[in-house]
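The file upload.txt contains compact mmCIF, C-alpha atoms:
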```txt
# COMPACT_ATOMS: atom_id res chain seq x y z
CA MET A 1350 3.82 6.06 -14.35
CA CYS A 1351 2.25 3.87 -16.97
CA PHE A 1352 2.64 0.12 -17.33
CA GLU A 1353 5.52 0.36 -19.78
CA ASP A 1354 7.42 2.80 -17.52
CA LEU A 1355 7.68 0.26 -14.70
CA GLN A 1356 10.46 -2.32 -14.93
CA PRO A 1357 11.35 -5.29 -12.72
CA GLY A 1358 13.94 -4.26 -10.17
CA GLN A 1359 12.75 -0.66 -9.83
CA THR A 1360 12.30 0.38 -6.21
CA PHE A 1361 10.43 3.20 -4.56
CA SER A 1362 10.35 4.41 -0.98
CA VAL A 1363 8.31 6.96 0.93
CA GLY A 1364 7.77 7.90 4.54
CA PRO A 1365 7.91 8.06 7.37
CA ARG A 1366 4.31 8.38 8.49
CA THR A 1367 3.73 8.32 12.23
CA ILE A 1368 0.75 6.35 13.54
CA GLN A 1369 -1.16 8.32 16.16
CA ARG A 1370 -3.38 6.92 18.90
CA ALA A 1371 -6.22 9.10 17.57
CA GLU A 1372 -5.92 7.31 14.20
CA ILE A 1373 -6.22 3.93 15.90
CA ASP A 1374 -9.30 5.17 17.76
CA ALA A 1375 -10.80 6.54 14.54
CA PHE A 1376 -10.12 3.26 12.73
CA THR A 1377 -11.76 1.38 15.60
CA ALA A 1378 -14.87 3.51 15.19
CA LEU A 1379 -14.84 3.27 11.38
CA SER A 1380 -14.24 -0.48 11.16
CA GLY A 1381 -16.29 -1.49 14.17
CA ASP A 1382 -13.37 -3.69 15.28
CA ARG A 1383 -13.29 -2.94 19.00
CA THR A 1384 -10.92 -5.79 19.89
CA ALA A 1385 -9.45 -4.87 23.28
CA LEU A 1386 -5.88 -5.09 21.94
CA HIS A 1387 -6.70 -2.10 19.73
CA SER A 1388 -9.03 -0.15 22.00
CA ASP A 1389 -8.36 -0.83 25.68
CA GLU A 1390 -4.96 0.35 26.89
CA ALA A 1391 -5.29 -1.36 30.30
CA TYR A 1392 -6.06 -4.70 28.68
CA ALA A 1393 -3.38 -4.26 26.00
CA ARG A 1394 -0.73 -3.77 28.71
CA THR A 1395 -1.51 -7.30 29.97
CA THR A 1396 -0.72 -8.87 26.58
CA PRO A 1397 2.69 -9.96 25.26
CA PHE A 1398 2.74 -6.71 23.26
CA GLY A 1399 2.73 -4.61 26.44
CA GLY A 1400 0.45 -1.94 25.03
CA LEU A 1401 -2.11 -0.88 22.47
CA VAL A 1402 -1.46 -2.11 18.92
CA ALA A 1403 -2.72 -0.68 15.63
CA HIS A 1404 -5.08 -2.88 13.63
CA GLY A 1405 -3.34 -4.80 10.85
CA ALA A 1406 -5.98 -3.47 8.45
CA LEU A 1407 -5.07 0.07 9.52
CA VAL A 1408 -1.40 -0.59 8.74
CA LEU A 1409 -2.41 -1.97 5.34
CA SER A 1410 -4.53 1.11 4.72
CA VAL A 1411 -1.61 3.35 5.64
CA ALA A 1412 0.53 1.34 3.21
CA THR A 1413 -1.90 2.06 0.36
CA GLY A 1414 -1.85 5.76 1.27
CA LEU A 1415 1.93 5.82 1.33
CA ALA A 1416 1.93 4.02 -2.05
CA PHE A 1417 -0.17 6.86 -3.44
CA ASP A 1418 2.36 9.32 -1.98
CA VAL A 1419 5.17 7.66 -3.96
CA GLY A 1420 3.57 9.34 -7.00
CA ILE A 1421 3.81 6.46 -9.45
CA PHE A 1422 0.12 5.53 -9.41
CA GLU A 1423 -1.51 8.90 -10.05
CA GLY A 1424 -3.95 8.51 -12.92
CA THR A 1425 -2.75 5.04 -13.91
CA VAL A 1426 -4.07 2.55 -11.34
CA LEU A 1427 -7.22 0.87 -12.57
CA ALA A 1428 -7.60 -1.81 -9.89
CA ILE A 1429 -5.88 -3.71 -7.15
CA ARG A 1430 -6.07 -7.31 -8.36
CA SER A 1431 -4.75 -8.94 -5.19
CA MET A 1432 -2.88 -8.35 -1.95
CA ASP A 1433 -0.94 -11.12 -0.26
CA ILE A 1434 0.30 -9.72 3.03
CA ARG A 1435 1.86 -10.76 6.30
CA PHE A 1436 1.83 -8.85 9.53
CA ASP A 1437 5.42 -9.24 10.69
CA ARG A 1438 5.43 -7.06 13.83
CA PRO A 1439 2.97 -4.99 15.80
CA VAL A 1440 2.66 -1.28 15.14
CA PHE A 1441 2.30 0.90 18.20
CA PRO A 1442 1.09 4.49 18.57
CA GLY A 1443 4.05 6.71 17.76
CA ASP A 1444 5.68 4.27 15.33
CA ALA A 1445 6.97 5.95 12.17
CA LEU A 1446 6.35 3.79 9.11
CA THR A 1447 8.18 3.81 5.79
CA LEU A 1448 6.97 2.03 2.65
CA LYS A 1449 9.30 0.24 0.26
CA LEU A 1450 7.90 -0.97 -3.07
CA ALA A 1451 9.77 -2.97 -5.70
CA VAL A 1452 8.56 -4.03 -9.13
CA VAL A 1453 8.81 -7.83 -9.22
CA SER A 1454 7.22 -8.68 -12.54
CA LYS A 1455 4.88 -7.52 -15.29
CA ASP A 1456 2.10 -9.33 -17.11
CA PRO A 1457 0.72 -7.70 -20.28
CA HIS A 1458 -2.76 -9.08 -19.56
CA PRO A 1459 -5.68 -8.47 -19.23
CA ARG A 1460 -6.06 -6.06 -22.18
CA VAL A 1461 -4.13 -3.99 -24.68
CA ASP A 1462 -4.78 -0.80 -22.68
CA ARG A 1463 -3.59 -2.17 -19.31
CA GLY A 1464 -1.36 -4.73 -17.68
CA ARG A 1465 -0.68 -6.25 -14.29
CA VAL A 1466 2.35 -5.29 -12.24
CA THR A 1467 3.43 -7.32 -9.22
CA PHE A 1468 5.10 -5.32 -6.45
CA SER A 1469 6.83 -6.53 -3.33
CA VAL A 1470 5.63 -4.38 -0.45
CA GLU A 1471 7.32 -3.74 2.87
CA ILE A 1472 6.44 -1.42 5.72
CA TRP A 1473 9.32 -0.74 8.10
CA ASN A 1474 9.18 0.96 11.49
CA GLN A 1475 11.61 3.57 12.78
CA HIS A 1476 13.83 0.81 14.18
CA GLY A 1477 14.39 -0.69 10.72
CA LYS A 1478 12.14 -3.66 11.50
CA PRO A 1479 9.53 -4.94 9.05
CA THR A 1480 5.94 -4.62 10.24
CA LEU A 1481 4.09 -5.66 7.07
CA SER A 1482 5.31 -7.46 3.96
CA GLY A 1483 3.92 -9.18 0.93
CA THR A 1484 2.96 -8.67 -2.69
CA TRP A 1485 0.38 -6.58 -4.48
CA VAL A 1486 -0.79 -7.15 -8.04
CA ILE A 1487 -2.03 -3.89 -9.52
CA VAL A 1488 -3.72 -3.31 -12.87
CA ILE A 1489 -2.04 -0.28 -14.43
CA ARG A 1490 -3.00 1.70 -17.50
CA ARG A 1491 -0.68 1.74 -20.51
CA SER A 1492 0.19 5.03 -22.16
CA ALA A 1493 -2.01 6.04 -25.08
CA GLU A 1494 0.82 5.29 -27.49
CA ALA A 1495 1.51 1.83 -26.08
CA ALA A 1496 -2.18 0.97 -26.13
CA GLY A 1497 -2.46 2.04 -29.77
CA ARG A 1498 -4.65 5.02 -28.96
CA SER A 1499 -4.00 8.52 -30.16
CA LYS A 1500 -3.88 11.28 -27.56
CA THR A 1501 -5.40 13.71 -30.03
CA PRO A 1502 -8.96 13.24 -31.16
CA PRO A 1503 -9.51 12.51 -34.86
CA PRO A 1504 -10.24 15.52 -37.05
CA PRO A 1505 -13.91 16.35 -37.53
CA VAL A 1506 -15.57 14.80 -40.55
```

Kindly return the structure encoded in the file as structure tokens.
Amino acid sequence: MCFEDLQPGQTFSVGPRTIQRAEIDAFTALSGDRTALHSDEAYARTTPFGGLVAHGALVLSVATGLAFDVGIFEGTVLAIRSMDIRFDRPVFPGDALTLKLAVVSKDPHPRVDRGRVTFSVEIWNQHGKPTLSGTWVIVIRRSAEAAGRSKTPPPPV
């Protein structure tokens, strides 16, 4: 979807996506974040969480992947301008996550061929509890017509 196709109040949802222990282990290796809460089951059982917890950055990464799966950003996202997020609850191996996006507002800047769209973002677990929430500001391409461009090249001279 292009900038002009998105309107405040529109909502989108996709999921669930189940977080596997192997994904947490792979993220540990990739990020280098070997915090015991994410990598040592015996230690994690001694914490208030009672077990291994997925990295918040992993949950955010899954959220961006789920956002792609919604299908509204294919070929139109130019940049993520900002992400303001909160980690509301831990995510455990086996949790099934669902993404909910809502268009909050639109800003026609920065250029005639693109604009900024602010989305509220929520990740919910299988128990209907929020695990991540916040806002993303995404720079999205306008359609060729809205940007004043022609989709067909000019005739040869």

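The residues that lie within 9 Å of the point (6.7, 13.0, 2.7), counting only C-alpha atoms, are Val1363, Gly1364, Pro1365, Arg1366, Leu1415, Asp1418 and Val1419 of chain A.
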
Let's have the selection written as a short mmCIF file (atom, residue, chain, number, x, y, z; two decimals), in the coordinates of the input, with C-alpha atoms.
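New file again.cif:
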```cif
data_model
loop_
_atom_site.label_atom_id
_atom_site.label_comp_id
_atom_site.auth_asym_id
_atom_site.auth_seq_id
_atom_site.Cartn_x
_atom_site.Cartn_y
_atom_site.Cartn_z
CA VAL A 1363 8.31 6.96 0.93
CA GLY A 1364 7.77 7.90 4.54
CA PRO A 1365 7.91 8.06 7.37
CA ARG A 1366 4.31 8.38 8.49
CA LEU A 1415 1.93 5.82 1.33
CA ASP A 1418 2.36 9.32 -1.98
CA VAL A 1419 5.17 7.66 -3.96
#
```

Margin query: Give me, as a PyMOL selection string, all polymer residues having an atom no more than 10 Å from A:Pro1442, counting all atoms listed in the file and skipping those fewer than 6 positions away in the same chain.
Written below: chain A and resi 1367-1373+1400-1403

Distance query A:Thr1377 at most 8 Å, only C-alpha atoms, self and fewer than 4 positions along chain excluded, as a PDB file with C-alpha atoms, in the frame of the given file:
```pdb
ATOM      1  CA  ILE A1373      -6.220   3.930  15.900  1.00  0.00           C
ATOM      2  CA  GLY A1381     -16.290  -1.490  14.170  1.00  0.00           C
ATOM      3  CA  ASP A1382     -13.370  -3.690  15.280  1.00  0.00           C
ATOM      4  CA  ARG A1383     -13.290  -2.940  19.000  1.00  0.00           C
ATOM      5  CA  HIS A1387      -6.700  -2.100  19.730  1.00  0.00           C
ATOM      6  CA  SER A1388      -9.030  -0.150  22.000  1.00  0.00           C
TER       7      SER A1388
END
```

Next item on the list: Find the residues near stretch 1475-1482 of chain A: any atom within 10 Å, counting all atoms listed in the file, skip ones fewer than 3 places away on the same chain, and give them as a PyMOL selection string.
Entry: chain A and resi 1365-1367+1405+1408-1409+1412+1433-1440+1443-1450+1469-1472+1485

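Within 9 Å of stretch 1454-1468 of chain A, once all atoms listed in the file are used and residues closer than 3 positions along the same chain are dropped, the contacting residues are Cys1351, Phe1352, Glu1353, Leu1355, Gln1356, Pro1357, Gly1358, Leu1427, Arg1430, Leu1450, Ala1451, Gly1483, Thr1484, Trp1485, Val1486, Ile1487, Val1488, Ile1489, Arg1490, Arg1491, Ser1492, Ala1493, Ala1495, Ala1496, Gly1497 and Arg1498 of chain A.
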
Next item on the list: Figure out the distance between atom CA of A:Met1350 and atom CA of A:Gly1420, please, to one decimal in Å.
Entry: 8.1 Å

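The coordinates place atom CA of A:Val1453 at 8.2 Å from atom CA of A:Gln1359.
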
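Counting from atom CA of A:Tyr1392, the distance to atom CA of A:Ala1375 is 18.7 Å.
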
Padded axis-aligned box of stretch 1449-1463 of chain A (6 Å per side), centre and edge lengths, Å, one decimal, as lines of an AutoDock Vina configuration file:
```
center_x = 1.9
center_y = -4.5
center_z = -12.2
size_x = 27.8
size_y = 21.6
size_z = 36.9
```
